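Have a look at the structure below before the remarks.
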Amino acid sequence: MKKISKKFWIFLGIAAIFFIIMIIVSSVLDLGEKLRGVHPYVEYAFYGVSLILFAILFIRPLFMIIFAPSFSLDELFSEEENAKKNYSMYKKVAKNLMEEDILSDEEKQKINDSMGDVLELKKTLSTVFDETIKKELNKMIISHAETVFISTAISQNGKLDAIAVITINLKLIKNLVLKCGFRPSYYSLGKLSVNVLSTAIIAESLEDMNFSELFPSTGINALAEIPLLKTVTGSFAQGVGNALLSLRVGIIARNYLFMNIKGLKKNEVRKLAFGEAVVLLPRVLVESMKKIPSRFKGLFGKIF
């Protein structure tokens with residue numbers, strides 16, 4: 001039953017990637033059709049640029065994730081006999097980590113010095129992941145959530161929001177994988193693909209969200225109907241929603257990479273991810289609001 005479940009999630013992940021591609025293609029065709037009114041060549045140029053960006057922002061990161069070495073941090077806590085079986089993988093992950101710039105020279109030296117002893121290498125990698133890598137991954141998750149918030153809070157197009165959420169979340173997963181030096185299992189990647197698809201669908205639907213329905217208070221409704229405030233509050237709420245979902249995707253990806261490192265069970269990953277995302281959201285909003293005023297000037301100019 002467990003094998004069937006894993007195969008099911010892998011199949012579902014492939015299906016999710018297919019639907020993500022359909023969302024991107026549909027959005028590009030829709031935007032291209034609008035550009036046709038300007039000039040047919042403008043539409044063709046747009047399709048050409050979109051194809052190049054699709055290869056760079058979607059296909060390339062996807063392949064980098066898929067073809068990264070698979071590894072479970074559970075193996076760092078395995079018995080001595082199992083550790084010896086995974087020695088080659090330990091060394092491969094260690095080499096990948098030393099190529100990144102997030103480790104100090106002292107940590108890199110410790111890894112290098114322990115390369116000749118499987119148990120010492122296992123112990124060193126465990127310490128580095130727990131004390132350094134995990135903190136760096138959290139910074140990356142927050143940074144990408146800020147980008148999602150700013151991008152979708154300013155954008156006034158649901159299709160563009162969906163594309164932004166897809167590409168930024170895919171880039172986040174790719175960067176998490178590169179920083180760790182390995183990827184989650186295909187089973188976990190399948191679940192991640194479904195999460196990315198759901199966030200893209202929600203991002204597109206948030207464009208039609210009625211702010212007054214979220215806050216039924218009469219006073220707030222009156223303020224929300226003022227044209228300028230209606231645009232600002234609606235965009236802000238969309239950005240908040242998308243940032244929260246992106247935090248959740250990043251945390252789930254991180255938890256899959258660190259599966260059971262602190263006794264975390266697989267069926268608890270999603271539940272805890274949302275709670276942690278809610279805790280991190282205020283920090284994302286504070287940091288984002290420091291960067292967003294200059295970008296909102298362009299939005300205000302269009303309104304006036």
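Labels used: A, B, ... for chains in the order of the structure tokens, numbers from 1 for residues in each chain, and numbers from 1 for ligands as shown.
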
From a backbone DSSP assignment, name each residue in range 107-209 of chain A labelled alpha helix (DSSP H), as a PyMOL selection string. chain A and resi 107-113+118-128+134-154+158-180+186-205

Nearest to Glu99 in chain A, chosen from A:Val42, A:Ile111, A:Ile163, A:Ala55, with only C-alpha atoms counted in the distances: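 Ranked by minimum distance to Glu99 in chain A, first place goes to A:Ile111.
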
Shell around Val28 in chain A at 12 Å using only C-alpha atoms, local window under 2 positions removed, as a CSV table (one decimal) with C-alpha atoms, in the first residue's frame:
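Okay, out.csv is ready:
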```csv
chain,number,residue,atom,x,y,z
A,21,ILE,CA,2.7,24.3,-17.9
A,22,MET,CA,-0.9,24.6,-19.2
A,23,ILE,CA,-1.5,27.6,-16.8
A,24,ILE,CA,1.7,29.3,-18.1
A,25,VAL,CA,0.9,28.6,-21.8
A,26,SER,CA,-2.7,29.8,-21.3
A,30,ASP,CA,-4.0,35.4,-23.4
A,31,LEU,CA,-1.5,38.2,-22.9
A,32,GLY,CA,-0.2,37.7,-26.4
A,33,GLU,CA,-3.7,38.0,-27.9
A,34,LYS,CA,-4.1,41.4,-26.2
A,35,LEU,CA,-0.8,42.6,-27.7
A,43,GLU,CA,2.7,39.5,-30.4
A,44,TYR,CA,5.2,37.3,-32.1
A,45,ALA,CA,8.1,39.0,-30.3
A,46,PHE,CA,6.3,38.5,-27.0
A,47,TYR,CA,5.9,34.8,-27.7
A,48,GLY,CA,9.6,34.5,-28.5
A,49,VAL,CA,10.7,36.3,-25.3
A,50,SER,CA,8.2,34.2,-23.3
A,51,LEU,CA,9.7,31.0,-24.8
A,53,LEU,CA,12.1,33.0,-20.3
A,54,PHE,CA,10.1,29.7,-20.0
A,159,LYS,CA,-2.6,35.5,-14.7
A,160,LEU,CA,0.7,37.4,-14.1
A,162,ALA,CA,0.0,32.9,-11.2
A,163,ILE,CA,3.1,33.0,-13.4
```

Work out how far apart CA of Asn195 in chain A and CA of Leu125 in chain A are and give it in Å to one decimal.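 Interatomic distance, CA of Asn195 in chain A to CA of Leu125 in chain A: 29.1 Å.
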
For Lys6 in chain A: contacts at 10 Å, only C-alpha atoms, fewer than 5 positions along chain excluded, given as a PDB file with C-alpha atoms, in the first residue's frame:
```
ATOM      1  CA  MET A   1       0.000   0.000   0.000  1.00  0.00           C
ATOM      2  CA  PHE A  11       2.074  10.411 -10.901  1.00  0.00           C
ATOM      3  CA  LEU A  12       0.184  13.286  -9.288  1.00  0.00           C
ATOM      4  CA  SER A 185      12.686  11.918  -3.012  1.00  0.00           C
ATOM      5  CA  TYR A 186      10.505  11.879  -6.141  1.00  0.00           C
ATOM      6  CA  TYR A 187       7.642  11.029  -3.805  1.00  0.00           C
ATOM      7  CA  SER A 188       8.190  14.286  -1.896  1.00  0.00           C
ATOM      8  CA  GLY A 190       5.369  14.989  -6.309  1.00  0.00           C
ATOM      9  CA  LYS A 191       3.727  16.472  -3.231  1.00  0.00           C
TER      10      LYS A 191
END
```

Straight-line distance linking CA of Leu103 in chain A with CA of Leu178 in chain A, stated in Å to one decimal: 13.2 Å

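Atom pair CA of Thr127 in chain A / CA of Asp113 in chain A: separated by 14.4 Å.
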
Residue with smallest distance to Leu244 in chain A - pool A:Lys174, A:His144, A:Arg60, A:Lys179, counting only C-alpha atoms: A:His144

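Proximity to Ile65 in chain A at 10 Å, evaluated using only C-alpha atoms and with sequence-adjacent residues fewer than 5 positions away removed, yields Arg60, Ser70, Leu170, Lys171, Ile173, Lys174, Asn175, Leu176, Val177, Leu178, Phe182, Arg183, Pro184 and Leu189 of chain A.
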
Take the residues that were just selected and, keeping C-alpha atoms, output them as a PDB file, in the first residue's frame.
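Once everything was written out, this is result_13.pdb:
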```pdb
ATOM      1  CA  ARG A  60      16.220  24.862 -16.310  1.00  0.00           C
ATOM      2  CA  SER A  70      18.651  12.230  -3.828  1.00  0.00           C
ATOM      3  CA  LEU A 170      10.207  26.894  -8.406  1.00  0.00           C
ATOM      4  CA  LYS A 171      13.307  29.054  -8.049  1.00  0.00           C
ATOM      5  CA  ILE A 173      12.847  24.959  -4.385  1.00  0.00           C
ATOM      6  CA  LYS A 174      15.811  24.897  -6.783  1.00  0.00           C
ATOM      7  CA  ASN A 175      17.870  27.151  -4.510  1.00  0.00           C
ATOM      8  CA  LEU A 176      17.003  25.068  -1.435  1.00  0.00           C
ATOM      9  CA  VAL A 177      18.145  21.937  -3.258  1.00  0.00           C
ATOM     10  CA  LEU A 178      21.374  23.572  -4.421  1.00  0.00           C
ATOM     11  CA  PHE A 182      20.667  17.110  -2.667  1.00  0.00           C
ATOM     12  CA  ARG A 183      16.947  16.898  -3.441  1.00  0.00           C
ATOM     13  CA  PRO A 184      14.008  15.219  -1.674  1.00  0.00           C
ATOM     14  CA  LEU A 189       8.750  16.236  -5.122  1.00  0.00           C
TER      15      LEU A 189
END
```

Which residues come within 10 Å of Ile252 in chain A, counting only C-alpha atoms, excluding same-chain residues fewer than 2 positions away, as a PDB file with N, CA and C atoms, in the first residue's frame?
```
ATOM      1  N   ILE A 173      12.572  26.389  -4.565  1.00  0.00           N
ATOM      2  CA  ILE A 173      12.847  24.959  -4.385  1.00  0.00           C
ATOM      3  C   ILE A 173      14.214  24.603  -4.960  1.00  0.00           C
ATOM      4  N   SER A 188       8.357  12.969  -2.520  1.00  0.00           N
ATOM      5  CA  SER A 188       8.190  14.286  -1.896  1.00  0.00           C
ATOM      6  C   SER A 188       8.076  15.392  -2.946  1.00  0.00           C
ATOM      7  N   LYS A 191       4.569  15.692  -4.142  1.00  0.00           N
ATOM      8  CA  LYS A 191       3.727  16.472  -3.231  1.00  0.00           C
ATOM      9  C   LYS A 191       4.016  17.964  -3.363  1.00  0.00           C
ATOM     10  N   LEU A 192       5.294  18.309  -3.525  1.00  0.00           N
ATOM     11  CA  LEU A 192       5.662  19.717  -3.695  1.00  0.00           C
ATOM     12  C   LEU A 192       5.055  20.299  -4.961  1.00  0.00           C
ATOM     13  N   ASN A 195       1.573  21.247  -4.388  1.00  0.00           N
ATOM     14  CA  ASN A 195       1.501  22.484  -3.591  1.00  0.00           C
ATOM     15  C   ASN A 195       1.762  23.716  -4.445  1.00  0.00           C
ATOM     16  N   SER A 246       3.378  30.934  -0.295  1.00  0.00           N
ATOM     17  CA  SER A 246       4.757  30.688  -0.716  1.00  0.00           C
ATOM     18  C   SER A 246       5.638  30.304   0.471  1.00  0.00           C
ATOM     19  N   LEU A 247       5.395  30.920   1.604  1.00  0.00           N
ATOM     20  CA  LEU A 247       6.098  30.517   2.828  1.00  0.00           C
ATOM     21  C   LEU A 247       5.827  29.048   3.120  1.00  0.00           C
ATOM     22  N   ARG A 248       4.577  28.668   2.983  1.00  0.00           N
ATOM     23  CA  ARG A 248       4.176  27.281   3.251  1.00  0.00           C
ATOM     24  C   ARG A 248       4.889  26.312   2.307  1.00  0.00           C
ATOM     25  N   VAL A 249       4.955  26.664   1.019  1.00  0.00           N
ATOM     26  CA  VAL A 249       5.643  25.806   0.045  1.00  0.00           C
ATOM     27  C   VAL A 249       7.118  25.665   0.416  1.00  0.00           C
ATOM     28  N   GLY A 250       7.760  26.790   0.751  1.00  0.00           N
ATOM     29  CA  GLY A 250       9.175  26.753   1.106  1.00  0.00           C
ATOM     30  C   GLY A 250       9.441  25.936   2.357  1.00  0.00           C
ATOM     31  N   ARG A 254      11.638  22.570   2.734  1.00  0.00           N
ATOM     32  CA  ARG A 254      12.713  22.451   3.732  1.00  0.00           C
ATOM     33  C   ARG A 254      12.499  21.235   4.633  1.00  0.00           C
ATOM     34  N   ASN A 255      11.250  21.012   5.049  1.00  0.00           N
ATOM     35  CA  ASN A 255      10.951  19.881   5.920  1.00  0.00           C
ATOM     36  C   ASN A 255      11.167  18.541   5.217  1.00  0.00           C
ATOM     37  N   TYR A 256      10.879  18.501   3.928  1.00  0.00           N
ATOM     38  CA  TYR A 256      11.157  17.275   3.178  1.00  0.00           C
ATOM     39  C   TYR A 256      12.655  17.015   3.109  1.00  0.00           C
ATOM     40  N   LEU A 257      13.436  18.091   2.959  1.00  0.00           N
ATOM     41  CA  LEU A 257      14.889  17.946   2.926  1.00  0.00           C
ATOM     42  C   LEU A 257      15.430  17.515   4.287  1.00  0.00           C
ATOM     43  N   PHE A 258      14.776  17.971   5.364  1.00  0.00           N
ATOM     44  CA  PHE A 258      15.215  17.665   6.723  1.00  0.00           C
ATOM     45  C   PHE A 258      14.295  16.644   7.381  1.00  0.00           C
ATOM     46  N   MET A 259      13.711  15.775   6.571  1.00  0.00           N
ATOM     47  CA  MET A 259      12.729  14.824   7.079  1.00  0.00           C
ATOM     48  C   MET A 259      13.231  14.038   8.284  1.00  0.00           C
ATOM     49  N   VAL A 269       4.049  17.199   8.350  1.00  0.00           N
ATOM     50  CA  VAL A 269       4.771  18.244   7.627  1.00  0.00           C
ATOM     51  C   VAL A 269       3.859  19.392   7.224  1.00  0.00           C
ATOM     52  N   ARG A 270       2.750  19.073   6.567  1.00  0.00           N
ATOM     53  CA  ARG A 270       1.868  20.131   6.053  1.00  0.00           C
ATOM     54  C   ARG A 270       1.223  20.926   7.181  1.00  0.00           C
ATOM     55  N   LYS A 271       0.771  20.218   8.205  1.00  0.00           N
ATOM     56  CA  LYS A 271       0.097  20.900   9.315  1.00  0.00           C
ATOM     57  C   LYS A 271       1.030  21.902   9.995  1.00  0.00           C
ATOM     58  N   LEU A 272       2.250  21.483  10.275  1.00  0.00           N
ATOM     59  CA  LEU A 272       3.207  22.355  10.943  1.00  0.00           C
ATOM     60  C   LEU A 272       3.709  23.467  10.024  1.00  0.00           C
ATOM     61  N   ALA A 273       3.745  23.195   8.710  1.00  0.00           N
ATOM     62  CA  ALA A 273       4.230  24.188   7.751  1.00  0.00           C
ATOM     63  C   ALA A 273       3.341  25.419   7.753  1.00  0.00           C
ATOM     64  N   PHE A 274       2.029  25.226   7.790  1.00  0.00           N
ATOM     65  CA  PHE A 274       1.117  26.374   7.772  1.00  0.00           C
ATOM     66  C   PHE A 274       1.263  27.198   9.038  1.00  0.00           C
ATOM     67  N   ALA A 277       4.390  29.165   8.796  1.00  0.00           N
ATOM     68  CA  ALA A 277       4.240  30.224   7.799  1.00  0.00           C
ATOM     69  C   ALA A 277       3.512  31.428   8.389  1.00  0.00           C
TER      70      ALA A 277
END
```

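Residue nearest Val93 in chain A within the list A:Ile20, A:Ser205, A:Gly181, A:Ile168: A:Gly181 [criterion: smallest interatomic distance, only C-alpha atoms].
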
Report as a PyMOL selection string all protein, DNA and RNA residues lying within 12 Å of Ala145 in chain A, evaluated on only C-alpha atoms, omitting residues in the same chain fewer than 5 positions from it. chain A and resi 138-140+150-153+164-165+168-169+171-172+239-251+277+280-288
